[in-house]
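To be precise, the following lines are model_25.csv, and they hold CSV, N, CA and C atoms.
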chain,number,residue,atom,x,y,z
F,20,MET,N,-5.7,-25.4,15.2
F,20,MET,CA,-4.8,-26.4,15.7
F,20,MET,C,-4.0,-26.9,14.5
F,21,ALA,N,-2.8,-27.4,14.8
F,21,ALA,CA,-1.9,-27.8,13.7
F,21,ALA,C,-2.4,-29.0,13.0
F,22,HIS,N,-2.0,-29.2,11.8
F,22,HIS,CA,-2.1,-30.4,11.0
F,22,HIS,C,-3.6,-30.6,10.5
F,23,ARG,N,-4.4,-29.6,10.5
F,23,ARG,CA,-5.8,-29.8,10.1
F,23,ARG,C,-5.9,-30.1,8.6
F,24,ASP,N,-4.9,-29.8,7.8
F,24,ASP,CA,-5.0,-30.0,6.4
F,24,ASP,C,-4.5,-31.4,5.9
F,25,ILE,N,-4.1,-32.2,6.8
F,25,ILE,CA,-3.6,-33.6,6.5
F,25,ILE,C,-4.8,-34.4,6.3
F,26,PRO,N,-5.0,-35.1,5.1
F,26,PRO,CA,-6.2,-35.9,4.9
F,26,PRO,C,-6.1,-37.2,5.6
F,27,THR,N,-7.3,-37.7,6.0
F,27,THR,CA,-7.5,-38.9,6.7
F,27,THR,C,-7.4,-40.1,5.6
F,28,TYR,N,-6.7,-41.1,6.0
F,28,TYR,CA,-6.6,-42.3,5.1
F,28,TYR,C,-8.0,-42.9,4.9
F,29,ARG,N,-8.2,-43.3,3.6
F,29,ARG,CA,-9.5,-44.0,3.3
F,29,ARG,C,-9.4,-45.5,3.5
F,30,ASN,N,-8.2,-46.1,3.3
F,30,ASN,CA,-8.0,-47.5,3.4
F,30,ASN,C,-8.3,-48.0,4.8
F,31,PRO,N,-9.3,-48.9,5.0
F,31,PRO,CA,-9.6,-49.3,6.4
F,31,PRO,C,-8.5,-50.0,7.1
F,32,VAL,N,-7.7,-50.8,6.4
F,32,VAL,CA,-6.5,-51.5,7.0
F,32,VAL,C,-5.5,-50.5,7.5
F,33,ALA,N,-5.2,-49.5,6.7
F,33,ALA,CA,-4.2,-48.5,7.1
F,33,ALA,C,-4.7,-47.7,8.3
F,34,ARG,N,-6.0,-47.4,8.3
F,34,ARG,CA,-6.6,-46.6,9.4
F,34,ARG,C,-6.5,-47.4,10.7
F,35,TYR,N,-6.9,-48.7,10.6
F,35,TYR,CA,-6.8,-49.6,11.8
F,35,TYR,C,-5.4,-49.7,12.3
F,36,VAL,N,-4.4,-49.9,11.5
F,36,VAL,CA,-3.0,-50.0,11.9
F,36,VAL,C,-2.6,-48.7,12.6
F,37,LEU,N,-3.0,-47.6,12.0
F,37,LEU,CA,-2.6,-46.3,12.6
F,37,LEU,C,-3.3,-46.1,13.9
F,38,LEU,N,-4.6,-46.5,14.1
F,38,LEU,CA,-5.3,-46.4,15.3
F,38,LEU,C,-4.6,-47.2,16.4
F,39,VAL,N,-4.2,-48.5,16.1
F,39,VAL,CA,-3.5,-49.3,17.0
F,39,VAL,C,-2.2,-48.7,17.5
F,40,VAL,N,-1.4,-48.3,16.5
F,40,VAL,CA,-0.1,-47.6,16.8
F,40,VAL,C,-0.3,-46.4,17.6
F,41,GLY,N,-1.4,-45.6,17.3
F,41,GLY,CA,-1.7,-44.4,18.0
F,41,GLY,C,-2.0,-44.6,19.5
F,42,TRP,N,-2.9,-45.6,19.7
F,42,TRP,CA,-3.3,-45.9,21.1
F,42,TRP,C,-2.1,-46.6,21.9
F,43,LEU,N,-1.3,-47.4,21.2
F,43,LEU,CA,-0.1,-47.9,21.9
F,43,LEU,C,0.8,-46.8,22.3
F,44,SER,N,1.0,-45.8,21.4
F,44,SER,CA,1.8,-44.7,21.7
F,44,SER,C,1.3,-43.8,22.8
F,45,VAL,N,0.0,-43.6,22.9
F,45,VAL,CA,-0.6,-42.9,24.0
F,45,VAL,C,-0.4,-43.7,25.3
F,46,THR,N,-0.5,-45.0,25.3
F,46,THR,CA,-0.3,-45.8,26.5
F,46,THR,C,1.1,-45.7,26.9
F,47,LEU,N,2.1,-45.8,26.0
F,47,LEU,CA,3.5,-45.7,26.3
F,47,LEU,C,3.8,-44.3,26.8
F,48,GLY,N,3.2,-43.3,26.2
F,48,GLY,CA,3.4,-41.9,26.7
F,48,GLY,C,2.9,-41.6,28.1
F,49,ILE,N,1.8,-42.2,28.4
F,49,ILE,CA,1.3,-42.1,29.8
F,49,ILE,C,2.2,-42.8,30.8
F,50,ILE,N,2.6,-44.0,30.4
F,50,ILE,CA,3.6,-44.7,31.3
F,50,ILE,C,4.9,-43.9,31.4
F,51,GLY,N,5.3,-43.2,30.4
F,51,GLY,CA,6.5,-42.4,30.4
F,51,GLY,C,6.4,-41.2,31.3
F,52,ILE,N,5.2,-40.8,31.7
F,52,ILE,CA,5.0,-39.7,32.6
F,52,ILE,C,5.6,-40.1,34.0
F,53,PHE,N,5.4,-41.4,34.3
F,53,PHE,CA,5.7,-41.9,35.6
F,53,PHE,C,7.1,-42.6,35.6
F,54,LEU,N,7.6,-43.1,34.5
F,54,LEU,CA,8.9,-43.7,34.4
F,54,LEU,C,9.9,-42.8,33.7
F,55,PRO,N,10.9,-42.3,34.4
F,55,PRO,CA,11.8,-41.3,33.9
F,55,PRO,C,12.6,-41.8,32.6
F,56,VAL,N,12.8,-43.1,32.5
F,56,VAL,CA,13.6,-43.6,31.3
F,56,VAL,C,12.8,-43.7,30.1
F,57,LEU,N,11.5,-43.6,30.2
F,57,LEU,CA,10.6,-43.8,29.0
F,57,LEU,C,10.1,-42.4,28.6
F,58,PRO,N,10.4,-41.9,27.4
F,58,PRO,CA,10.1,-40.5,27.0
F,58,PRO,C,8.5,-40.4,26.8
F,59,THR,N,8.0,-39.3,27.2
F,59,THR,CA,6.6,-39.1,27.0
F,59,THR,C,6.3,-38.4,25.7
F,60,THR,N,6.9,-37.3,25.5
F,60,THR,CA,6.6,-36.4,24.3
F,60,THR,C,6.7,-37.1,23.0
F,61,PRO,N,7.8,-37.9,22.7
F,61,PRO,CA,7.9,-38.5,21.4
F,61,PRO,C,6.7,-39.5,21.1
F,62,PHE,N,6.3,-40.2,22.2
F,62,PHE,CA,5.2,-41.1,22.0
F,62,PHE,C,3.9,-40.4,21.7
F,63,LEU,N,3.7,-39.3,22.4
F,63,LEU,CA,2.5,-38.5,22.2
F,63,LEU,C,2.5,-37.8,20.8
F,64,LEU,N,3.7,-37.4,20.4
F,64,LEU,CA,3.8,-36.9,19.0
F,64,LEU,C,3.5,-38.0,17.9
F,65,LEU,N,4.0,-39.2,18.2
F,65,LEU,CA,3.7,-40.3,17.3
F,65,LEU,C,2.2,-40.6,17.3
F,66,ALA,N,1.5,-40.6,18.5
F,66,ALA,CA,0.1,-40.8,18.5
F,66,ALA,C,-0.7,-39.7,17.8
F,67,ALA,N,-0.3,-38.5,17.9
F,67,ALA,CA,-0.9,-37.4,17.2
F,67,ALA,C,-0.8,-37.6,15.7
F,68,ALA,N,0.4,-38.0,15.2
F,68,ALA,CA,0.7,-38.2,13.8
F,68,ALA,C,-0.2,-39.4,13.3
F,69,CYS,N,-0.4,-40.4,14.1
F,69,CYS,CA,-1.2,-41.5,13.7
F,69,CYS,C,-2.7,-41.1,13.7
F,70,PHE,N,-3.1,-40.4,14.7
F,70,PHE,CA,-4.5,-40.1,14.8
F,70,PHE,C,-4.9,-39.0,13.7
F,71,VAL,N,-4.1,-38.1,13.4
F,71,VAL,CA,-4.4,-37.1,12.4
F,71,VAL,C,-4.7,-37.8,11.0
F,72,ARG,N,-4.1,-38.9,10.8
F,72,ARG,CA,-4.3,-39.7,9.5
F,72,ARG,C,-5.3,-40.7,9.6
F,73,SER,N,-5.8,-41.0,10.8
F,73,SER,CA,-6.8,-42.1,10.9
F,73,SER,C,-8.1,-41.7,11.6
F,74,SER,N,-8.1,-40.8,12.5
F,74,SER,CA,-9.3,-40.4,13.2
F,74,SER,C,-9.2,-39.0,13.7
F,75,ARG,N,-9.9,-38.1,13.1
F,75,ARG,CA,-9.9,-36.7,13.5
F,75,ARG,C,-10.4,-36.5,14.9
F,76,ARG,N,-11.4,-37.4,15.3
F,76,ARG,CA,-12.0,-37.3,16.6
F,76,ARG,C,-10.9,-37.6,17.7
F,77,PHE,N,-10.1,-38.7,17.5
F,77,PHE,CA,-9.1,-39.0,18.5
F,77,PHE,C,-7.9,-38.0,18.5
F,78,TYR,N,-7.6,-37.4,17.3
F,78,TYR,CA,-6.6,-36.4,17.2
F,78,TYR,C,-7.0,-35.1,18.0
F,79,ASP,N,-8.3,-34.7,17.8
F,79,ASP,CA,-8.8,-33.6,18.6
F,79,ASP,C,-8.8,-33.8,20.1
F,80,TRP,N,-9.2,-35.1,20.4
F,80,TRP,CA,-9.2,-35.4,21.9
F,80,TRP,C,-7.8,-35.3,22.4
F,81,LEU,N,-6.8,-35.9,21.7
F,81,LEU,CA,-5.5,-35.9,22.2
F,81,LEU,C,-4.9,-34.5,22.4
F,82,VAL,N,-5.0,-33.7,21.4
F,82,VAL,CA,-4.3,-32.3,21.4
F,82,VAL,C,-5.1,-31.4,22.3
F,83,THR,N,-6.3,-31.6,22.6
F,83,THR,CA,-7.1,-30.7,23.5
F,83,THR,C,-7.2,-31.3,24.9
F,84,HIS,N,-6.6,-32.5,25.1
F,84,HIS,CA,-6.7,-33.1,26.4
F,84,HIS,C,-6.0,-32.2,27.5
F,85,PRO,N,-6.6,-32.0,28.6
F,85,PRO,CA,-6.1,-31.0,29.6
F,85,PRO,C,-4.7,-31.5,30.2
F,86,ARG,N,-4.5,-32.8,30.3
F,86,ARG,CA,-3.3,-33.3,30.9
F,86,ARG,C,-2.2,-33.7,29.8
F,87,LEU,N,-2.7,-34.3,28.7
F,87,LEU,CA,-1.7,-34.8,27.7
F,87,LEU,C,-1.4,-33.7,26.7
F,88,GLY,N,-2.3,-32.9,26.3
F,88,GLY,CA,-2.1,-31.9,25.3
F,88,GLY,C,-1.0,-31.0,25.5
F,89,PRO,N,-0.8,-30.4,26.7
F,89,PRO,CA,0.3,-29.5,26.9
F,89,PRO,C,1.7,-30.1,26.7
F,90,TRP,N,1.8,-31.4,26.8
F,90,TRP,CA,3.1,-32.0,26.6
F,90,TRP,C,3.7,-31.7,25.2
F,91,PHE,N,2.8,-31.5,24.2
F,91,PHE,CA,3.3,-31.4,22.8
F,91,PHE,C,2.6,-30.4,22.0
F,92,ARG,N,1.5,-29.8,22.5
F,92,ARG,CA,0.7,-28.9,21.7
F,92,ARG,C,1.5,-27.7,21.1
F,93,ASP,N,2.3,-27.1,22.0
F,93,ASP,CA,3.1,-25.9,21.5
F,93,ASP,C,4.1,-26.3,20.4
F,94,TYR,N,4.6,-27.5,20.5
F,94,TYR,CA,5.5,-28.0,19.4
F,94,TYR,C,4.8,-28.2,18.1
F,95,LEU,N,3.6,-28.8,18.1
F,95,LEU,CA,2.8,-29.0,16.9
F,95,LEU,C,2.4,-27.7,16.3
F,96,GLU,N,2.1,-26.7,17.1
F,96,GLU,CA,1.7,-25.4,16.6
F,96,GLU,C,2.9,-24.5,16.2
F,97,GLY,N,4.1,-25.0,16.3
F,97,GLY,CA,5.3,-24.3,15.9
F,97,GLY,C,5.7,-23.2,16.8
F,98,LYS,N,5.2,-23.3,18.1
F,98,LYS,CA,5.6,-22.2,19.0
F,98,LYS,C,6.9,-22.5,19.7
F,99,GLY,N,7.3,-23.8,19.7
F,99,GLY,CA,8.6,-24.1,20.3
F,99,GLY,C,8.5,-25.1,21.5
F,100,ILE,N,9.6,-25.2,22.2
F,100,ILE,CA,9.8,-26.1,23.3
F,100,ILE,C,10.2,-25.3,24.5
F,101,PRO,N,9.7,-25.6,25.7
F,101,PRO,CA,10.1,-24.9,26.9
F,101,PRO,C,11.6,-25.2,27.2
F,102,LEU,N,12.3,-24.3,27.8
F,102,LEU,CA,13.7,-24.5,28.1
F,102,LEU,C,13.9,-25.7,29.0
F,103,LYS,N,13.0,-25.9,30.0
F,103,LYS,CA,13.0,-27.0,30.9
F,103,LYS,C,12.9,-28.4,30.1
F,104,GLY,N,12.0,-28.4,29.1
F,104,GLY,CA,11.9,-29.5,28.2
F,104,GLY,C,13.1,-29.8,27.4
F,105,LYS,N,13.7,-28.8,26.9
F,105,LYS,CA,14.9,-29.0,26.1
F,105,LYS,C,16.0,-29.6,27.0
F,106,VAL,N,16.2,-29.0,28.2
F,106,VAL,CA,17.3,-29.5,29.1
F,106,VAL,C,17.0,-31.0,29.5
F,107,TYR,N,15.8,-31.3,29.8
F,107,TYR,CA,15.4,-32.6,30.2
F,107,TYR,C,15.6,-33.6,29.1
F,108,ALA,N,15.2,-33.2,27.9
F,108,ALA,CA,15.3,-34.1,26.7
F,108,ALA,C,16.7,-34.4,26.4
F,109,ILE,N,17.5,-33.4,26.3
F,109,ILE,CA,18.9,-33.5,25.9
F,109,ILE,C,19.7,-34.3,27.0
F,110,THR,N,19.4,-34.0,28.3
F,110,THR,CA,20.1,-34.6,29.4
F,110,THR,C,19.8,-36.1,29.4
F,111,THR,N,18.5,-36.5,29.4
F,111,THR,CA,18.2,-37.9,29.5
F,111,THR,C,18.6,-38.6,28.2
F,112,MET,N,18.6,-38.0,27.1
F,112,MET,CA,19.1,-38.7,25.9
F,112,MET,C,20.5,-39.0,26.0
F,113,TRP,N,21.4,-38.0,26.4
F,113,TRP,CA,22.8,-38.2,26.5
F,113,TRP,C,23.2,-39.2,27.6
F,114,ILE,N,22.4,-39.2,28.7
F,114,ILE,CA,22.6,-40.3,29.7
F,114,ILE,C,22.4,-41.7,29.2
F,115,SER,N,21.2,-41.8,28.5
F,115,SER,CA,20.9,-43.1,28.0
F,115,SER,C,21.9,-43.5,26.8
F,116,ILE,N,22.3,-42.6,26.0
F,116,ILE,CA,23.3,-42.9,25.0
F,116,ILE,C,24.6,-43.3,25.6
F,117,GLY,N,25.0,-42.5,26.6
F,117,GLY,CA,26.2,-42.9,27.3
F,117,GLY,C,26.2,-44.3,27.9
F,118,VAL,N,25.1,-44.6,28.6
F,118,VAL,CA,25.0,-46.0,29.1
F,118,VAL,C,25.0,-47.0,28.0
F,119,SER,N,24.3,-46.7,26.9
F,119,SER,CA,24.3,-47.7,25.8
F,119,SER,C,25.7,-47.8,25.2
F,120,CYS,N,26.4,-46.7,25.0
F,120,CYS,CA,27.8,-46.8,24.5
F,120,CYS,C,28.7,-47.6,25.4
F,121,TRP,N,28.5,-47.5,26.7
F,121,TRP,CA,29.3,-48.3,27.6
F,121,TRP,C,28.9,-49.8,27.6
F,122,LEU,N,27.7,-50.1,27.3
F,122,LEU,CA,27.2,-51.5,27.3
F,122,LEU,C,27.5,-52.2,25.9
F,123,VAL,N,27.4,-51.4,24.8
F,123,VAL,CA,27.6,-52.0,23.5
F,123,VAL,C,29.0,-52.0,23.1
F,124,PRO,N,29.6,-53.1,22.8
F,124,PRO,CA,31.0,-53.2,22.5
F,124,PRO,C,31.4,-52.8,21.0
F,125,MET,N,30.4,-52.8,20.1
F,125,MET,CA,30.6,-52.6,18.7
F,125,MET,C,30.9,-51.1,18.4
F,126,PHE,N,32.0,-50.8,17.9
F,126,PHE,CA,32.5,-49.4,17.6
F,126,PHE,C,31.5,-48.7,16.6
F,127,TRP,N,31.1,-49.4,15.6
F,127,TRP,CA,30.2,-48.8,14.6
F,127,TRP,C,28.8,-48.5,15.2
F,128,ALA,N,28.3,-49.3,16.2
F,128,ALA,CA,27.1,-49.0,16.9
F,128,ALA,C,27.3,-47.7,17.8
F,129,ARG,N,28.4,-47.6,18.4
F,129,ARG,CA,28.7,-46.4,19.2
F,129,ARG,C,28.7,-45.2,18.4
F,130,ILE,N,29.3,-45.3,17.2
F,130,ILE,CA,29.4,-44.1,16.3
F,130,ILE,C,28.0,-43.7,15.9
F,131,GLY,N,27.2,-44.7,15.6
F,131,GLY,CA,25.8,-44.5,15.1
F,131,GLY,C,25.0,-43.8,16.2
F,132,MET,N,25.1,-44.3,17.5
F,132,MET,CA,24.4,-43.7,18.6
F,132,MET,C,24.8,-42.3,18.9
F,133,LEU,N,26.1,-42.1,18.9
F,133,LEU,CA,26.6,-40.7,19.1
F,133,LEU,C,26.3,-39.7,18.0
F,134,THR,N,26.3,-40.2,16.8
F,134,THR,CA,25.9,-39.4,15.7
F,134,THR,C,24.4,-39.0,15.8
F,135,SER,N,23.6,-40.0,16.1
F,135,SER,CA,22.1,-39.7,16.2
F,135,SER,C,21.9,-38.8,17.4
F,136,ALA,N,22.5,-39.0,18.5
F,136,ALA,CA,22.3,-38.1,19.7
F,136,ALA,C,22.8,-36.7,19.4
F,137,THR,N,23.9,-36.5,18.6
F,137,THR,CA,24.3,-35.2,18.3
F,137,THR,C,23.3,-34.5,17.3
F,138,LEU,N,22.8,-35.2,16.4
F,138,LEU,CA,21.9,-34.6,15.4
F,138,LEU,C,20.6,-34.2,16.1
F,139,VAL,N,20.1,-35.1,17.0
F,139,VAL,CA,18.8,-34.8,17.7
F,139,VAL,C,19.1,-33.6,18.6
F,140,SER,N,20.2,-33.6,19.3
F,140,SER,CA,20.5,-32.4,20.2
F,140,SER,C,20.5,-31.1,19.4
F,141,LEU,N,21.2,-31.1,18.2
F,141,LEU,CA,21.2,-29.9,17.4
F,141,LEU,C,19.8,-29.5,17.0
F,142,TYR,N,18.9,-30.5,16.6
F,142,TYR,CA,17.6,-30.2,16.2
F,142,TYR,C,16.8,-29.6,17.4
F,143,ILE,N,16.9,-30.1,18.6
F,143,ILE,CA,16.2,-29.6,19.7
F,143,ILE,C,16.7,-28.2,20.1
F,144,LEU,N,18.0,-28.0,20.0
F,144,LEU,CA,18.6,-26.7,20.3
F,144,LEU,C,18.2,-25.6,19.3
F,145,ARG,N,18.0,-26.0,18.0
F,145,ARG,CA,17.6,-25.1,17.0
F,145,ARG,C,16.1,-24.7,17.1
F,146,MET,N,15.3,-25.5,17.8
F,146,MET,CA,13.9,-25.2,17.9
F,146,MET,C,13.7,-23.9,18.7
F,147,LYS,N,12.6,-23.2,18.5
F,147,LYS,CA,12.3,-22.0,19.3
F,147,LYS,C,12.2,-22.4,20.8
F,148,THR,N,12.6,-21.5,21.7
F,148,THR,CA,12.5,-21.8,23.1
F,148,THR,C,11.3,-21.0,23.6
F,149,LEU,N,10.3,-21.6,24.2
F,149,LEU,CA,9.2,-20.9,24.8
F,149,LEU,C,9.6,-20.1,26.0
F,150,PRO,N,9.1,-18.9,26.2
F,150,PRO,CA,9.4,-18.2,27.4
F,150,PRO,C,8.8,-18.9,28.6
F,151,ALA,N,9.4,-18.7,29.8
F,151,ALA,CA,8.9,-19.3,31.0
F,151,ALA,C,7.5,-18.7,31.3
F,152,ARG,N,6.6,-19.5,31.8
F,152,ARG,CA,5.2,-19.1,32.1
F,152,ARG,C,5.0,-18.7,33.5

For the file at hand, write its structure as structure tokens.
Amino acid sequence: MAHRDIPTYRNPVARYVLLVVGWLSVTLGIIGIFLPVLPTTPFLLLAAACFVRSSRRFYDWLVTHPRLGPWFRDYLEGKGIPLKGKVYAITTMWISIGVSCWLVPMFWARIGMLTSATLVSLYILRMKTLPAR
């Protein structure tokens, strides 16, 4: 499994904060499965990043979970992202950025949002695409 070589933090305060952020991210990721405007995968990736540094047991639970693990396991292992996931991610991101640009009157904020969406889109498009299963 990916990220086995990342050491766990020894500082108890840092570990506690990472555990809280990790479980909050898992909760938001699960809610995101049912709410189309809330992304699932980024929250589960954040949870995995927090758990790998705070609790190896929770990290292993998350990445091997039969329902949650498949959302991001292939990405963590460097295998890529399914085409359907790429299309969904880019489409929902651009819709939300479009609505945000329409609602936010500040020109500099619009430029920032459009720049960020463009860079994230390029990153997603450059990732390997998993073959259809």

- request: Just the helix (DSSP H, G or I) stuff from chain F, please, per backbone DSSP, written as number ranges by chain.
  value: F: 31-53, 60-73, 75-83, 88-90, 92-95, 102-122, 126-145

Legend entry - Near-Val71 of chain F list (7 Å; all atoms listed in the file; drop same-chain fewer than 4 positions) as a PyMOL selection string: chain F and resi 22+25-28+66-67+75+77-79

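Take the candidates F:Thr111, F:Thr46, F:Ser140, F:Thr148 and check each one against Lys98 of chain F using all atoms listed in the file; the shortest distance goes to F:Thr148.
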
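The coordinates place atom N of Pro150 of chain F at 8.9 Å from atom N of Lys103 of chain F.
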
As a check of understanding: the span from atom N of Asp24 of chain F to atom CA of Leu95 of chain F is 11.9 Å

Distance atom CA of Ile114 of chain F-atom CA of Leu64 of chain F, one decimal place?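 Atom-to-atom, atom CA of Ile114 of chain F and atom CA of Leu64 of chain F are spaced 21.9 Å apart.
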
Pull the neighbourhood of (9.3, -25.3, 19.1) for me: all residues within 7 Å in file coordinates, counting only N, CA and C atoms, as a list in words. Asp93, Tyr94, Leu95, Gly97, Lys98, Gly99, Ile100, Pro101, Met146, Lys147, Thr148 and Leu149 of chain F

| said: Can you pull out every residue from segment 39-152 of chain F that DSSP, working from the backbone, puts in strand (DSSP E), and format the result as an NGL selection string? | reply: :F and (100-101 or 148-149)

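With distances restricted to only C-alpha atoms, F:Tyr35 is the closest residue to Arg72 of chain F from F:Ala108, F:Ser44, F:Tyr35, F:Thr59.
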
Discussion item. Restricting the calculation to all atoms listed in the file: of F:Gly48, F:Gly41, F:Pro89, F:Pro55, which residue gets closest to Ala68 of chain F?
Written reply: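 Of all the options, F:Gly41 lies closest to Ala68 of chain F.
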
Which residue out of F:Leu65, F:Leu38, F:Gly131, F:Leu87 has the minimum interatomic distance to Ile52 of chain F when only C-alpha atoms are used?
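Nearest to Ile52 of chain F: F:Leu87.
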
| Which neighbours of segment 118-120 of chain F fall inside 10 Å, counting only C-alpha atoms, when residues of the same chain fewer than 5 positions from it are skipped, and could you give them as a PyMOL selection string? | chain F and resi 112-113+125-126+128-133

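Nearest residue to Pro61 of chain F among F:Leu122, F:Phe91, F:Thr137, F:Arg86 is F:Phe91, counting only N, CA and C atoms.
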